[in-house]
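The structure appears right after this line, and notes come after that.
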Amino acid sequence: MNALLDIDPEVADALQRGRPVVALESTIISHGMPWPQNLETALRAEAAVRESGAVPATVAVMGGRLRAGLARADIEALARQGQAVPKASRRDLPFLIAEGVGPEMGATTVAATMIVAALAGIRVFATGGIGGVHRGAETSFDISADLQELARTSVAVVCAGAKAILDLKLTLEYLETQGVPVIGFGTDELPAFYSRASGLKVNRRLDTAEQIARVLQAKWQAGLAGGVLITNPIAPEHEIPQARVAGFIAQALHEAQAQGVTGAAVTPFLLARVTELSGGASLAANIELVLANARLGAGVASALSALSADDVRAAREAAAVEVAMLPQAARGA
Ligand code: PSU
Ligand code: MN
């Protein structure tokens, strides 16, 4: 195990027994939602994972150490301190680790959460929406580090698509170039975060957690390192139609540009402005899609555990047959 990593005992026990574990991120807590909905949602996402038969492992940096599995007090601190907690993506981890004695925390993005999950041996991670290629990236070069992480780190990410504030078409192109499979859970179309439709196609529609787990197993057994994107459309009763949210997004983007918001601050700024402009409707949708993704993540993690258990059983049986075929003397009888 990595010397910088602390795994919560319950999570470590589940991993050791081959039981399903689902990682959850913390940027969504500190930067993605306002207080107190951020705390409520983080706790409800953990509960949703448990109710669906898996162990939750919320990830963060705590005092210079990488943590998989947080106590309630840690989650509350991340939620209360909000944007004062540094947003931690791949490039930020070395600083936080080197500097971080004491109570200093880091809120891990999709990219950083994948890194910690992989170190801990957690193969499934559920979030709201991944970062992607921003609109206007041809001049800003603003492409989320989440996409590169999906290319290199072997963790499956359950999300409701890339956030609608992004350029979804370019995000899909980037994922294709990087060889990241994009699955639609019960849909042919890439979901657009707050709404179900984007007009863009996923690589494959799969209708059950078992089918998804088989693809994950196939990818990693074939030695194809890297992530898989599992996209789960928001439930129809919770979605905001694209036509309704498009105006809010356009206005938020315009304001971000006018105010010179750049870098890591862009996504939190846009999410907060869209929440204000929509009178809270986008936040309500964001909460519901996070909970649904936590449940699907638990289903996929459970199916993957069952497949791995089958493999272990088959390997044991094969070994037993080989032993049975050995001459009596070689069996140690
Ligand atoms: N999903 C949400 N809300 C969020 C995020 C995801 O519903 O705030 C966060 C994730 O941590 C993701 C980050 O990695 O937004 C993307 O930030 P950036 O665009 O700066 O890479
Ligand atoms: Mn960015």
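To be explicit about the labels: the chains of the structure tokens are called A, B, and onward in the order shown, and within each one the residues are counted from 1, while ligands get numbers from 1 in the order they are shown.
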
Practice problem: Would you list, as a PyMOL selection string, the residues of segment 171-292 of chain A that end up in alpha helix (DSSP H) under DSSP run on this structure's backbone? | Solution: chain A and resi 171-177+209-221+242-258+266-277+281-292

Which residues of chain A have any atom within 6 Å of an atom in ligand 1 when counting only C-alpha atoms and all ligand atoms, and what is the closest pair of atoms for each, with the distance in Å to one decimal? Order the rows by chain and rising number and write it as JSON lines.
{"residue": "A:Thr27", "atom": "CA", "partner": "ligand 1", "partner_atom_place_in_ligand_line": "11 (O)", "distance": 4.5}
{"residue": "A:Ile28", "atom": "CA", "partner": "ligand 1", "partner_atom_place_in_ligand_line": "8 (O)", "distance": 4.0}
{"residue": "A:His31", "atom": "CA", "partner": "ligand 1", "partner_atom_place_in_ligand_line": "8 (O)", "distance": 5.7}
{"residue": "A:Gly32", "atom": "CA", "partner": "ligand 1", "partner_atom_place_in_ligand_line": "8 (O)", "distance": 3.4}
{"residue": "A:Thr109", "atom": "CA", "partner": "ligand 1", "partner_atom_place_in_ligand_line": "11 (O)", "distance": 3.3}
{"residue": "A:Val110", "atom": "CA", "partner": "ligand 1", "partner_atom_place_in_ligand_line": "14 (O)", "distance": 3.7}
{"residue": "A:Ala111", "atom": "CA", "partner": "ligand 1", "partner_atom_place_in_ligand_line": "14 (O)", "distance": 5.9}
{"residue": "A:Thr127", "atom": "CA", "partner": "ligand 1", "partner_atom_place_in_ligand_line": "1 (N)", "distance": 5.6}
{"residue": "A:Gly128", "atom": "CA", "partner": "ligand 1", "partner_atom_place_in_ligand_line": "7 (O)", "distance": 3.4}
{"residue": "A:Gly129", "atom": "CA", "partner": "ligand 1", "partner_atom_place_in_ligand_line": "1 (N)", "distance": 3.9}
{"residue": "A:Ile130", "atom": "CA", "partner": "ligand 1", "partner_atom_place_in_ligand_line": "12 (C)", "distance": 5.0}
{"residue": "A:Gly131", "atom": "CA", "partner": "ligand 1", "partner_atom_place_in_ligand_line": "16 (C)", "distance": 3.9}
{"residue": "A:Ser144", "atom": "CA", "partner": "ligand 1", "partner_atom_place_in_ligand_line": "21 (O)", "distance": 3.7}
{"residue": "A:Ala145", "atom": "CA", "partner": "ligand 1", "partner_atom_place_in_ligand_line": "21 (O)", "distance": 5.5}
{"residue": "A:Asp146", "atom": "CA", "partner": "ligand 1", "partner_atom_place_in_ligand_line": "14 (O)", "distance": 5.8}
{"residue": "A:Ala264", "atom": "CA", "partner": "ligand 1", "partner_atom_place_in_ligand_line": "20 (O)", "distance": 4.2}
{"residue": "A:Thr267", "atom": "CA", "partner": "ligand 1", "partner_atom_place_in_ligand_line": "19 (O)", "distance": 5.0}
{"residue": "A:Asn286", "atom": "CA", "partner": "ligand 1", "partner_atom_place_in_ligand_line": "7 (O)", "distance": 5.8}

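In terms of minimum interatomic distance to Ala84 of chain A, A:Ser30 ranks closest within A:Gln211, A:Gln16, A:Gln259, A:Ser30, counting only C-alpha atoms.
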
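The smallest atom-to-atom distance between Lys87 of chain A and any of A:Ile29, A:Ala54, A:Val49, A:Val155, using only C-alpha atoms, is found for A:Ile29.
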
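Straight-line separation from atom CA of Leu175 of chain A to atom CA of Gly227 of chain A: 10.2 Å.
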
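Ranking A:Ile230, A:Leu216, A:Val202, A:Leu15 by their shortest atom-to-atom distance to Leu296 of chain A, with only C-alpha atoms included, puts A:Ile230 first.
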
Practice problem: Give the strand (DSSP E or B) residues of segment 120-219 of chain A, as DSSP finds them on the backbone, and put them as a list in words. | Solution: Val124, Phe125, Ala126, Ile130, Val133, His134, Ile143, Ala156, Val157, Val158, Cys159, Ala162, Leu166, Val182, Ile183, Gly184, Phe185, Glu189, Ala192, Ser195, Lys201, Arg204, Arg205 and Leu206 of chain A

Self-check item: Nearest residue to ligand 2 from the set A:Ile183, A:Val133, A:Ala73, A:Ala246 (distances using only C-alpha atoms and all ligand atoms)
Solution: A:Val133

Exercise. Mind giving me the straight-line distance from atom CA of Asp13 of chain A to atom CA of Phe125 of chain A in Å, one decimal?
Key: 17.9 Å

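Among the candidates A:Thr262, A:Gln221, A:Thr231, A:Ser154, the residue lying nearest to ligand 2 is A:Thr262 (atoms considered: only C-alpha atoms and all ligand atoms).
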
Quiz item: Using only C-alpha atoms, which residues sit within 12 Å of segment 1-4 of chain A once same-chain residues fewer than 5 positions away are excluded, as a ChimeraX atom specification?
Solution: /A:12,61-68,93-94,96-98,100,115-121

Residues from last step as file, C-alpha atoms, as a compact mmCIF listing (two decimals), in the first residue's frame:
# COMPACT_ATOMS: atom_id res chain seq x y z
CA ALA A 12 -10.05 -1.54 3.89
CA VAL A 61 -6.60 15.18 1.20
CA MET A 62 -6.39 15.55 4.98
CA GLY A 63 -3.29 17.05 6.58
CA GLY A 64 -1.06 16.14 3.67
CA ARG A 65 -2.32 12.55 3.45
CA LEU A 66 -4.51 10.94 0.81
CA ARG A 67 -7.66 9.57 2.38
CA ALA A 68 -10.13 6.99 1.09
CA LEU A 93 -1.60 16.91 -5.02
CA PRO A 94 2.20 17.32 -4.67
CA LEU A 96 -0.84 19.64 -0.64
CA ILE A 97 1.15 16.55 0.34
CA ALA A 98 4.42 18.46 0.77
CA GLY A 100 0.17 19.57 4.55
CA ILE A 115 -5.86 8.66 -8.50
CA VAL A 116 -6.61 7.96 -4.83
CA ALA A 117 -9.23 5.31 -5.68
CA ALA A 118 -6.73 3.47 -7.89
CA LEU A 119 -4.05 3.60 -5.16
CA ALA A 120 -6.56 2.14 -2.68
CA GLY A 121 -7.74 -0.59 -5.08

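Of the listed residues (A:Pro268, A:Gly82, A:Gly297, A:Gly132), A:Gly132 comes nearest to Lys163 of chain A; the distances count only C-alpha atoms.
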
Exercise. Identify, on the basis of only C-alpha atoms, every residue whose closest approach to Gly69 of chain A does not exceed 12 Å; exclude the query and any residue fewer than 3 positions from it along the same chain; express the result as a ChimeraX atom specification.
Key: /A:5-15,21-26,46,55-62,66,72-75,113,116-117,120,122

Practice problem: Would you list the contacts of Ala292 of chain A as a list in words, taking every protein, DNA or RNA residue within 9 Å and counting only C-alpha atoms, but skipping same-chain residues closer than 6 positions in sequence? | Solution: Ala45, Ala48, Ala160, Asn232, Pro233, Ile234 and Ala235 of chain A

Hey, can you spit out that residue selection with N, CA, C and O atoms as a PDB file, in the first residue's frame?
ATOM      1  N   ALA A  45     -25.432  10.699  -0.394  1.00  0.00           N
ATOM      2  CA  ALA A  45     -24.756   9.871  -1.415  1.00  0.00           C
ATOM      3  C   ALA A  45     -24.107   8.656  -0.735  1.00  0.00           C
ATOM      4  O   ALA A  45     -24.184   7.534  -1.242  1.00  0.00           O
ATOM      5  N   ALA A  48     -26.872   6.310   0.085  1.00  0.00           N
ATOM      6  CA  ALA A  48     -27.391   5.652  -1.125  1.00  0.00           C
ATOM      7  C   ALA A  48     -26.490   4.495  -1.539  1.00  0.00           C
ATOM      8  O   ALA A  48     -26.969   3.432  -1.953  1.00  0.00           O
ATOM      9  N   ALA A 160     -23.465  11.775 -14.839  1.00  0.00           N
ATOM     10  CA  ALA A 160     -24.639  12.083 -15.658  1.00  0.00           C
ATOM     11  C   ALA A 160     -24.206  12.776 -16.945  1.00  0.00           C
ATOM     12  O   ALA A 160     -24.880  13.654 -17.465  1.00  0.00           O
ATOM     13  N   ASN A 232     -25.156   8.072 -16.911  1.00  0.00           N
ATOM     14  CA  ASN A 232     -26.471   7.713 -16.371  1.00  0.00           C
ATOM     15  C   ASN A 232     -27.373   8.932 -16.479  1.00  0.00           C
ATOM     16  O   ASN A 232     -27.174   9.906 -15.760  1.00  0.00           O
ATOM     17  N   PRO A 233     -28.344   8.916 -17.384  1.00  0.00           N
ATOM     18  CA  PRO A 233     -29.177  10.117 -17.541  1.00  0.00           C
ATOM     19  C   PRO A 233     -30.013  10.418 -16.303  1.00  0.00           C
ATOM     20  O   PRO A 233     -30.509   9.505 -15.652  1.00  0.00           O
ATOM     21  N   ILE A 234     -30.136  11.678 -15.977  1.00  0.00           N
ATOM     22  CA  ILE A 234     -30.988  12.116 -14.877  1.00  0.00           C
ATOM     23  C   ILE A 234     -32.411  11.587 -15.117  1.00  0.00           C
ATOM     24  O   ILE A 234     -32.859  11.516 -16.265  1.00  0.00           O
ATOM     25  N   ALA A 235     -33.109  11.240 -14.038  1.00  0.00           N
ATOM     26  CA  ALA A 235     -34.478  10.717 -14.167  1.00  0.00           C
ATOM     27  C   ALA A 235     -35.382  11.782 -14.791  1.00  0.00           C
ATOM     28  O   ALA A 235     -35.216  12.971 -14.509  1.00  0.00           O
TER      29      ALA A 235
END
